[in-house]
Amino acid sequence: MQKYSVFSLIKNAFSNHQNWEVAWKDPTPKSEYDVVIIGGGGHGLATAYYLAKEHNIRNVAIIEKGWIGGGNVGRNTTIIRSNFMYDANARFNEFGMDLWRNLSQELNFNVMFSPRGIINLAHSDAQMNAYARRGNSMRLNGIDAKLLDRDGVKKLIPMADFSDEVRFPIFGGLMQPSAGTARHDAVAWGYARQADDMGVDIIQHCEVTGFDVVNGKIKGIRTSRGDIKAKKVGLCVAGSTNILAEKLNMTLPIETHVLQACVSEPVKPLLDGVVTFGAGHFYISQSDKGEMVMGGDLDGYNSYAQRGNLPTIQHVLTGGLALFPFLSRLKMLRTWGGIMDMSMDGSPIIDKTHIEGLYLNCGWCYGGFKSTPVSGWTFAHTIAQDQVHELNSELRLNRFSTGHLLDEKGLGTKTWIG
Amino acid sequence: MLYIKCPYCGLRAQKEFSYGGDATVKRPNINEEVPSEDWDNFVYMRKSPRGKHIELWQHIAGCRQWIKVQRDTATHEIFQTAKVTEEIR
């Protein structure tokens, strides 16, 4: 594989950039694989990459209905963080932060990981206490957390509304300085390029139509491009999890909902990190191009439409305007929606299933992008070793029946208000 | 914006309603011995189909009644609405 560097850039400039190698091939599916990963998003591509790299399993196919990176990995708001209170979520995502820090070098692809910090704002004494508790829990797990008072927040985001008239005054906030953002598409492309180089077949425009299960054991899958035999099959399909589960006669603790995001026109550098509003559901960051990237609530009812509804965007931006009045002067460039696999406790599921050789990776709710590397890493381990890794030992499917929920926000099973 | 026909008030904008989830999940009978699997199914397990979905909504800014709505989860087309005591087929 051609290495990307400043020298290869200069070299290819002499031939008008006409002679770059393709980043990944477009193979015809073989009749049999050791492992088939369904879903060519960030998590699926990362899983295939770590299967090849960490476990030397290279007879692997990724089956993608559309094109790689066309789902949620191309639709998210690129936030990366590990500011969780529960040990299982904190350890899992902090391991992921370590993978992020080295990802550009590892993939030889600039994922533009930028640890610019995240601030969760608090608007009451009670919220400050809750954040102090969460921050302490984070620090016990070795994650950097800083409790900011009102002046501390004001130094970092002076453009927020600090006047006396506001309905929800800023009391302070919890900051994770090592959190940040990355270029989402580059993550998908970087993993795809390396996985392809190690022998993984990336098969696009191939829809899974059924599964071949004999005596409780997976034998292969049926697709729009023919049957494919497989010793092991991993599901990494986010919002389409319920659709495939139905084909397997499985019912899961997952509901599918649409989440919207939007960007404004680009403006000069203004906002350094990621900021979340604590009195409503709104978060914002500024992209390297200068656009304000914003998101918030789900649309609030089960949906498979990869587009959203205006009342939700209006509601989210009302919260945004309360925090940052300057937003009223910006034009909106575009809005879009992605379908989320909302789990019943807000935490993901990476586990084996009751079908031998079938593995499940789902329930990412709002935050699948930040966990892309660690999700792929642990899912690859689970598939290769046929057992969960210590990192995902609490992210199992049976936690709902045993009562070991990871309900980070304490919201219960109303997934649409999460 | 969805427009939902409340069986009590007529056609109203979605903003007047609050969502209540899958209307086909049945609570186990409280006076009988209930296997824990049934509780799991009731509390956590959801079909979440792509297509026709029967769901609960509350007309929170109107008559405050709970109603049933049959809606397509991909196109948002609403086929039928009914009182919560009525069946949707």
# chains A, B, ... in the order shown; residues from 1 in each chain; ligands from 1
$ closest_atom_pairs --of "chain B" --to "chain A" --cutoff "8 Å" --atoms "only C-alpha atoms" --output "Markdown table"
| residue | atom | partner | partner_atom | distance |
| --- | --- | --- | --- | --- |
| B:Met1 | CA | A:Asn309 | CA | 5.9 |
| B:Lys15 | CA | A:Pro311 | CA | 7.4 |
| B:Tyr19 | CA | A:Tyr301 | CA | 6.3 |
| B:Gly21 | CA | A:Tyr301 | CA | 7.2 |
| B:Ser36 | CA | A:Ser401 | CA | 7.7 |
| B:Glu37 | CA | A:Ser401 | CA | 7.5 |
| B:Asp40 | CA | A:Ser401 | CA | 5.9 |
| B:Val43 | CA | A:Thr413 | CA | 7.4 |
| B:Tyr44 | CA | A:Pro253 | CA | 5.0 |
| B:Met45 | CA | A:Pro253 | CA | 4.4 |
| B:Arg46 | CA | A:Pro253 | CA | 5.9 |
| B:Lys47 | CA | A:Thr251 | CA | 5.9 |
| B:Ser48 | CA | A:Glu255 | CA | 5.3 |
| B:Pro49 | CA | A:Ile243 | CA | 6.8 |
| B:Arg50 | CA | A:Tyr304 | CA | 6.3 |
| B:Thr73 | CA | A:Ser303 | CA | 4.6 |
| B:Ala74 | CA | A:Tyr304 | CA | 4.7 |
| B:Thr75 | CA | A:Ala305 | CA | 6.6 |
| B:His76 | CA | A:Ser303 | CA | 7.8 |
$ write_last_selection --atoms "C-alpha atoms" --output "tab-separated table (two decimals), in the first residue's frame"
chain	number	residue	atom	x	y	z
B	1	MET	CA	-44.89	18.40	11.48
B	15	LYS	CA	-46.89	19.90	19.08
B	19	TYR	CA	-45.43	10.40	22.79
B	21	GLY	CA	-44.31	4.45	22.96
B	36	SER	CA	-39.31	-12.82	35.14
B	37	GLU	CA	-38.95	-13.28	31.39
B	40	ASP	CA	-38.30	-8.36	30.82
B	43	VAL	CA	-40.28	-3.51	30.39
B	44	TYR	CA	-37.37	-3.73	27.92
B	45	MET	CA	-38.01	-5.71	24.74
B	46	ARG	CA	-39.39	-3.85	21.72
B	47	LYS	CA	-40.03	-4.91	18.14
B	48	SER	CA	-39.58	-1.34	16.85
B	49	PRO	CA	-40.69	-2.27	13.32
B	50	ARG	CA	-39.91	-0.36	10.16
B	73	THR	CA	-42.21	4.68	11.05
B	74	ALA	CA	-40.46	5.24	7.71
B	75	THR	CA	-42.87	7.61	5.95
B	76	HIS	CA	-44.75	8.99	9.01
$ residues_around --residues "stretch 225-228 of chain A" --least-positions-apart "2" --cutoff "10 Å" --atoms "only C-alpha atoms" --output "list in words"
Thr28, Pro29, Lys30, Ser31, Glu32, Tyr33, Val36, Ala61, Ile203, His205, Cys206, Glu207, Val208, Thr209, Gly210, Phe211, Asp212, Lys219, Gly220, Ile221, Arg222, Thr223 and Ala230 of chain A
$ write_last_selection --atoms "C-alpha atoms" --output "short mmCIF file (atom, residue, chain, number, x, y, z; two decimals), in the first residue's frame"
data_model
loop_
_atom_site.label_atom_id
_atom_site.label_comp_id
_atom_site.auth_asym_id
_atom_site.auth_seq_id
_atom_site.Cartn_x
_atom_site.Cartn_y
_atom_site.Cartn_z
CA THR A 28 -16.99 -9.47 -5.74
CA PRO A 29 -18.12 -11.44 -2.70
CA LYS A 30 -16.46 -14.83 -2.21
CA SER A 31 -18.66 -17.82 -1.35
CA GLU A 32 -17.20 -18.24 2.13
CA TYR A 33 -15.52 -16.16 4.85
CA VAL A 36 -18.71 -11.56 7.97
CA ALA A 61 -15.94 -9.45 4.58
CA ILE A 203 -18.54 -5.23 -0.28
CA HIS A 205 -24.30 -2.05 -2.30
CA CYS A 206 -25.08 -5.51 -0.96
CA GLU A 207 -28.16 -5.89 1.22
CA VAL A 208 -28.57 -8.69 3.77
CA THR A 209 -31.91 -10.38 3.12
CA GLY A 210 -31.72 -13.28 5.56
CA PHE A 211 -29.66 -15.57 7.76
CA ASP A 212 -28.85 -19.24 7.54
CA LYS A 219 -23.94 -20.95 8.80
CA GLY A 220 -24.06 -17.90 6.60
CA ILE A 221 -26.10 -15.00 5.30
CA ARG A 222 -28.32 -14.39 2.29
CA THR A 223 -27.72 -11.18 0.41
CA ALA A 230 -19.58 -17.64 7.24
#
$ select_by_dssp --residues "stretch 317-412 of chain A" --states "helix (DSSP H, G or I)" --output "JSON, numbers by chain"
{"A": [317, 318, 319, 320, 321, 322, 323, 325, 326, 327, 328, 329, 369, 370, 371, 372, 373, 374, 375, 376, 377, 378, 379, 380, 381, 382, 383, 384, 385, 390, 391, 392, 399, 400, 401, 402]}
$ write_last_selection --atoms "C-alpha atoms" --output "PDB file, in the first residue's frame"
ATOM      1  CA  LEU A 317     -32.314  25.895  18.662  1.00  0.00           C
ATOM      2  CA  THR A 318     -34.503  27.742  21.164  1.00  0.00           C
ATOM      3  CA  GLY A 319     -32.244  26.237  23.821  1.00  0.00           C
ATOM      4  CA  GLY A 320     -29.233  27.223  21.729  1.00  0.00           C
ATOM      5  CA  LEU A 321     -30.377  30.827  21.487  1.00  0.00           C
ATOM      6  CA  ALA A 322     -30.926  30.997  25.251  1.00  0.00           C
ATOM      7  CA  LEU A 323     -27.281  30.051  25.716  1.00  0.00           C
ATOM      8  CA  PRO A 325     -27.802  34.747  21.555  1.00  0.00           C
ATOM      9  CA  PHE A 326     -25.345  35.423  18.682  1.00  0.00           C
ATOM     10  CA  LEU A 327     -26.718  32.338  16.907  1.00  0.00           C
ATOM     11  CA  SER A 328     -29.806  34.335  15.929  1.00  0.00           C
ATOM     12  CA  ARG A 329     -27.665  36.222  13.396  1.00  0.00           C
ATOM     13  CA  PHE A 369     -19.008   8.002  16.996  1.00  0.00           C
ATOM     14  CA  LYS A 370     -16.808   8.612  20.040  1.00  0.00           C
ATOM     15  CA  SER A 371     -16.648   4.881  20.703  1.00  0.00           C
ATOM     16  CA  THR A 372     -15.772   3.847  17.132  1.00  0.00           C
ATOM     17  CA  PRO A 373     -12.225   2.616  17.863  1.00  0.00           C
ATOM     18  CA  VAL A 374     -12.966   0.932  21.203  1.00  0.00           C
ATOM     19  CA  SER A 375     -16.182  -0.591  19.892  1.00  0.00           C
ATOM     20  CA  GLY A 376     -14.302  -2.134  16.980  1.00  0.00           C
ATOM     21  CA  TRP A 377     -11.467  -3.238  19.269  1.00  0.00           C
ATOM     22  CA  THR A 378     -13.684  -4.997  21.818  1.00  0.00           C
ATOM     23  CA  PHE A 379     -16.092  -6.399  19.212  1.00  0.00           C
ATOM     24  CA  ALA A 380     -13.158  -7.873  17.289  1.00  0.00           C
ATOM     25  CA  HIS A 381     -11.963  -9.493  20.527  1.00  0.00           C
ATOM     26  CA  THR A 382     -15.447 -10.835  21.302  1.00  0.00           C
ATOM     27  CA  ILE A 383     -15.741 -12.360  17.814  1.00  0.00           C
ATOM     28  CA  ALA A 384     -12.192 -13.717  17.590  1.00  0.00           C
ATOM     29  CA  GLN A 385     -12.056 -15.232  21.100  1.00  0.00           C
ATOM     30  CA  GLU A 390     -13.016  -7.269  30.308  1.00  0.00           C
ATOM     31  CA  LEU A 391     -13.822  -3.856  28.799  1.00  0.00           C
ATOM     32  CA  ASN A 392     -17.225  -4.944  27.473  1.00  0.00           C
ATOM     33  CA  ARG A 399     -27.888  -6.968  31.995  1.00  0.00           C
ATOM     34  CA  PHE A 400     -31.527  -6.049  31.397  1.00  0.00           C
ATOM     35  CA  SER A 401     -32.804  -9.300  32.895  1.00  0.00           C
ATOM     36  CA  THR A 402     -30.252  -9.413  35.720  1.00  0.00           C
TER      37      THR A 402
END
$ residues_around --residues "B:Asn29" --least-positions-apart "3" --cutoff "12 Å" --atoms "only C-alpha atoms" --output "list in words"
Lys26, Glu32, Glu33, Val34, Pro35, Asp38, Trp39 and Phe42 of chain B
$ atom_distance --atom1 "atom CA of A:Ser163" --atom2 "atom CA of A:Leu271"
18.8 Å
$ select_by_dssp --residues "stretch 3-89 of chain B" --states "strand (DSSP E or B)" --output "ChimeraX atom specification"
/B:3-6,10-13,18-22,46,52-58,66-72,78-83
$ residues_around --residues "stretch 56-69 of chain B" --least-positions-apart "4" --cutoff "7 Å" --atoms "only C-alpha atoms" --output "PDB file with C-alpha atoms, in the first residue's frame"
ATOM      1  CA  GLU B  16     -50.055  19.403  21.155  1.00  0.00           C
ATOM      2  CA  PHE B  17     -49.197  15.744  21.757  1.00  0.00           C
ATOM      3  CA  SER B  18     -46.724  13.814  23.848  1.00  0.00           C
ATOM      4  CA  TYR B  19     -45.435  10.401  22.793  1.00  0.00           C
ATOM      5  CA  GLY B  20     -46.011   7.272  24.870  1.00  0.00           C
ATOM      6  CA  GLY B  21     -44.311   4.452  22.957  1.00  0.00           C
ATOM      7  CA  ASP B  22     -45.387   1.064  21.622  1.00  0.00           C
ATOM      8  CA  ALA B  23     -49.077   0.459  22.368  1.00  0.00           C
ATOM      9  CA  GLN B  80     -55.690   5.288  11.879  1.00  0.00           C
ATOM     10  CA  THR B  81     -56.254   6.769  15.326  1.00  0.00           C
ATOM     11  CA  ALA B  82     -58.459   5.406  18.074  1.00  0.00           C
ATOM     12  CA  LYS B  83     -59.395   5.806  21.703  1.00  0.00           C
ATOM     13  CA  VAL B  84     -57.061   3.884  23.980  1.00  0.00           C
TER      14      VAL B  84
END
$ residues_around --residues "A:Gly410" --least-positions-apart "3" --cutoff "9 Å" --atoms "only C-alpha atoms" --output "JSON list (two decimals) with N, CA and C atoms, in the first residue's frame"
[["chain", "number", "residue", "atom", "x", "y", "z"],
["A", 345, "ASP", "N", -31.29, 1.46, 28.44],
["A", 345, "ASP", "CA", -30.63, 2.12, 29.56],
["A", 345, "ASP", "C", -29.63, 3.17, 29.09],
["A", 346, "GLY", "N", -29.58, 3.42, 27.79],
["A", 346, "GLY", "CA", -28.71, 4.48, 27.27],
["A", 346, "GLY", "C", -27.27, 4.04, 27.06],
["A", 406, "LEU", "N", -26.87, 0.02, 33.05],
["A", 406, "LEU", "CA", -25.92, 1.14, 33.05],
["A", 406, "LEU", "C", -26.69, 2.39, 32.63],
["A", 407, "ASP", "N", -27.58, 2.80, 33.51],
["A", 407, "ASP", "CA", -28.47, 3.92, 33.19],
["A", 407, "ASP", "C", -27.79, 5.21, 33.64]]
$ closest_residue --among "A:Met332, A:Ala130, A:Ile10, A:Leu174" --to "A:Asp149" --atoms "only C-alpha atoms"
A:Leu174
$ residues_around --residues "A:Arg58" --least-positions-apart "3" --cutoff "7 Å" --atoms "only C-alpha atoms" --output "list of chain:residue names"
A:Ala52, A:Met198, A:Gly199, A:Val200
$ write_last_selection --atoms "C-alpha atoms" --output "mmCIF file, in the first residue's frame"
data_model
loop_
_atom_site.group_PDB
_atom_site.id
_atom_site.type_symbol
_atom_site.label_atom_id
_atom_site.label_comp_id
_atom_site.auth_asym_id
_atom_site.auth_seq_id
_atom_site.Cartn_x
_atom_site.Cartn_y
_atom_site.Cartn_z
ATOM 1 C CA ALA A 52 -7.068 -8.430 10.983
ATOM 2 C CA MET A 198 -4.809 -6.472 5.218
ATOM 3 C CA GLY A 199 -7.133 -8.521 3.008
ATOM 4 C CA VAL A 200 -10.611 -7.577 4.204
#
$ closest_residue --among "B:Ile4, B:Glu55, B:Thr24, B:Cys9" --to "B:Glu77" --atoms "only C-alpha atoms"
B:Ile4
$ residues_around --residues "stretch 69-85 of chain A" --least-positions-apart "6" --cutoff "7 Å" --atoms "only C-alpha atoms" --output "list in words"
Gly40, Gly41, Gly42, Asn93, Glu94, Arg134, Ser137, Met138, Gln176, Ala179, Gly180, Thr181, Ala182, Arg183, His184, Asp185, Ala188, Val293, Gly338, Phe369, Lys370 and Glu408 of chain A
$ decode --residues "stretch 37-66 of chain B" --atoms "N, CA and C atoms" --output "PDB file, in the first residue's frame"
ATOM      1  N   GLU B  37     -39.109 -13.534  32.816  1.00  0.00           N
ATOM      2  CA  GLU B  37     -38.947 -13.278  31.394  1.00  0.00           C
ATOM      3  C   GLU B  37     -40.089 -12.413  30.850  1.00  0.00           C
ATOM      4  N   ASP B  38     -41.289 -12.627  31.380  1.00  0.00           N
ATOM      5  CA  ASP B  38     -42.420 -11.814  30.945  1.00  0.00           C
ATOM      6  C   ASP B  38     -42.243 -10.353  31.350  1.00  0.00           C
ATOM      7  N   TRP B  39     -41.691 -10.150  32.541  1.00  0.00           N
ATOM      8  CA  TRP B  39     -41.423  -8.773  32.975  1.00  0.00           C
ATOM      9  C   TRP B  39     -40.374  -8.128  32.073  1.00  0.00           C
ATOM     10  N   ASP B  40     -39.324  -8.883  31.739  1.00  0.00           N
ATOM     11  CA  ASP B  40     -38.296  -8.364  30.825  1.00  0.00           C
ATOM     12  C   ASP B  40     -38.924  -7.919  29.515  1.00  0.00           C
ATOM     13  N   ASN B  41     -39.755  -8.813  28.973  1.00  0.00           N
ATOM     14  CA  ASN B  41     -40.372  -8.506  27.683  1.00  0.00           C
ATOM     15  C   ASN B  41     -41.226  -7.253  27.772  1.00  0.00           C
ATOM     16  N   PHE B  42     -41.951  -7.122  28.866  1.00  0.00           N
ATOM     17  CA  PHE B  42     -42.829  -5.962  29.016  1.00  0.00           C
ATOM     18  C   PHE B  42     -42.019  -4.672  29.206  1.00  0.00           C
ATOM     19  N   VAL B  43     -40.992  -4.739  30.041  1.00  0.00           N
ATOM     20  CA  VAL B  43     -40.275  -3.509  30.387  1.00  0.00           C
ATOM     21  C   VAL B  43     -39.266  -3.106  29.300  1.00  0.00           C
ATOM     22  N   TYR B  44     -38.529  -4.090  28.756  1.00  0.00           N
ATOM     23  CA  TYR B  44     -37.374  -3.726  27.918  1.00  0.00           C
ATOM     24  C   TYR B  44     -37.465  -4.091  26.434  1.00  0.00           C
ATOM     25  N   MET B  45     -38.126  -5.210  26.108  1.00  0.00           N
ATOM     26  CA  MET B  45     -38.014  -5.711  24.738  1.00  0.00           C
ATOM     27  C   MET B  45     -39.021  -5.042  23.808  1.00  0.00           C
ATOM     28  N   ARG B  46     -38.520  -4.540  22.678  1.00  0.00           N
ATOM     29  CA  ARG B  46     -39.385  -3.854  21.721  1.00  0.00           C
ATOM     30  C   ARG B  46     -39.110  -4.344  20.311  1.00  0.00           C
ATOM     31  N   LYS B  47     -40.184  -4.506  19.541  1.00  0.00           N
ATOM     32  CA  LYS B  47     -40.029  -4.907  18.136  1.00  0.00           C
ATOM     33  C   LYS B  47     -39.485  -3.749  17.306  1.00  0.00           C
ATOM     34  N   SER B  48     -39.961  -2.542  17.591  1.00  0.00           N
ATOM     35  CA  SER B  48     -39.575  -1.341  16.847  1.00  0.00           C
ATOM     36  C   SER B  48     -39.547  -1.577  15.331  1.00  0.00           C
ATOM     37  N   PRO B  49     -40.688  -1.902  14.738  1.00  0.00           N
ATOM     38  CA  PRO B  49     -40.693  -2.265  13.317  1.00  0.00           C
ATOM     39  C   PRO B  49     -40.469  -1.061  12.400  1.00  0.00           C
ATOM     40  N   ARG B  50     -39.959  -1.372  11.213  1.00  0.00           N
ATOM     41  CA  ARG B  50     -39.911  -0.356  10.157  1.00  0.00           C
ATOM     42  C   ARG B  50     -41.188  -0.550   9.354  1.00  0.00           C
ATOM     43  N   GLY B  51     -42.092   0.420   9.431  1.00  0.00           N
ATOM     44  CA  GLY B  51     -43.389   0.275   8.781  1.00  0.00           C
ATOM     45  C   GLY B  51     -44.488   0.586   9.778  1.00  0.00           C
ATOM     46  N   LYS B  52     -45.604  -0.151   9.682  1.00  0.00           N
ATOM     47  CA  LYS B  52     -46.752   0.167  10.532  1.00  0.00           C
ATOM     48  C   LYS B  52     -46.455  -0.098  12.011  1.00  0.00           C
ATOM     49  N   HIS B  53     -46.764   0.885  12.852  1.00  0.00           N
ATOM     50  CA  HIS B  53     -46.461   0.826  14.273  1.00  0.00           C
ATOM     51  C   HIS B  53     -47.647   1.394  15.033  1.00  0.00           C
ATOM     52  N   ILE B  54     -48.161   0.621  15.982  1.00  0.00           N
ATOM     53  CA  ILE B  54     -49.267   1.140  16.801  1.00  0.00           C
ATOM     54  C   ILE B  54     -48.673   1.705  18.087  1.00  0.00           C
ATOM     55  N   GLU B  55     -48.961   2.967  18.335  1.00  0.00           N
ATOM     56  CA  GLU B  55     -48.280   3.642  19.452  1.00  0.00           C
ATOM     57  C   GLU B  55     -49.250   4.497  20.255  1.00  0.00           C
ATOM     58  N   LEU B  56     -48.815   4.848  21.455  1.00  0.00           N
ATOM     59  CA  LEU B  56     -49.615   5.697  22.333  1.00  0.00           C
ATOM     60  C   LEU B  56     -49.168   7.150  22.206  1.00  0.00           C
ATOM     61  N   TRP B  57     -50.118   8.046  22.201  1.00  0.00           N
ATOM     62  CA  TRP B  57     -49.828   9.468  22.288  1.00  0.00           C
ATOM     63  C   TRP B  57     -50.785  10.047  23.322  1.00  0.00           C
ATOM     64  N   GLN B  58     -50.360  11.120  23.986  1.00  0.00           N
ATOM     65  CA  GLN B  58     -51.279  11.813  24.892  1.00  0.00           C
ATOM     66  C   GLN B  58     -51.532  13.218  24.357  1.00  0.00           C
ATOM     67  N   HIS B  59     -52.790  13.587  24.290  1.00  0.00           N
ATOM     68  CA  HIS B  59     -53.131  14.931  23.795  1.00  0.00           C
ATOM     69  C   HIS B  59     -52.945  15.929  24.942  1.00  0.00           C
ATOM     70  N   ILE B  60     -51.667  16.149  25.231  1.00  0.00           N
ATOM     71  CA  ILE B  60     -51.310  16.814  26.490  1.00  0.00           C
ATOM     72  C   ILE B  60     -51.728  18.287  26.522  1.00  0.00           C
ATOM     73  N   ALA B  61     -51.715  18.943  25.346  1.00  0.00           N
ATOM     74  CA  ALA B  61     -52.133  20.349  25.310  1.00  0.00           C
ATOM     75  C   ALA B  61     -53.548  20.466  24.761  1.00  0.00           C
ATOM     76  N   GLY B  62     -54.340  19.411  24.937  1.00  0.00           N
ATOM     77  CA  GLY B  62     -55.727  19.434  24.469  1.00  0.00           C
ATOM     78  C   GLY B  62     -56.603  18.788  25.512  1.00  0.00           C
ATOM     79  N   CYS B  63     -57.223  17.659  25.140  1.00  0.00           N
ATOM     80  CA  CYS B  63     -58.145  16.999  26.060  1.00  0.00           C
ATOM     81  C   CYS B  63     -57.429  16.138  27.096  1.00  0.00           C
ATOM     82  N   ARG B  64     -56.112  15.980  26.956  1.00  0.00           N
ATOM     83  CA  ARG B  64     -55.265  15.212  27.876  1.00  0.00           C
ATOM     84  C   ARG B  64     -55.577  13.714  27.881  1.00  0.00           C
ATOM     85  N   GLN B  65     -56.310  13.242  26.893  1.00  0.00           N
ATOM     86  CA  GLN B  65     -56.591  11.811  26.804  1.00  0.00           C
ATOM     87  C   GLN B  65     -55.438  11.085  26.131  1.00  0.00           C
ATOM     88  N   TRP B  66     -55.230   9.828  26.561  1.00  0.00           N
ATOM     89  CA  TRP B  66     -54.295   8.959  25.841  1.00  0.00           C
ATOM     90  C   TRP B  66     -55.015   8.367  24.640  1.00  0.00           C
TER      91      TRP B  66
END
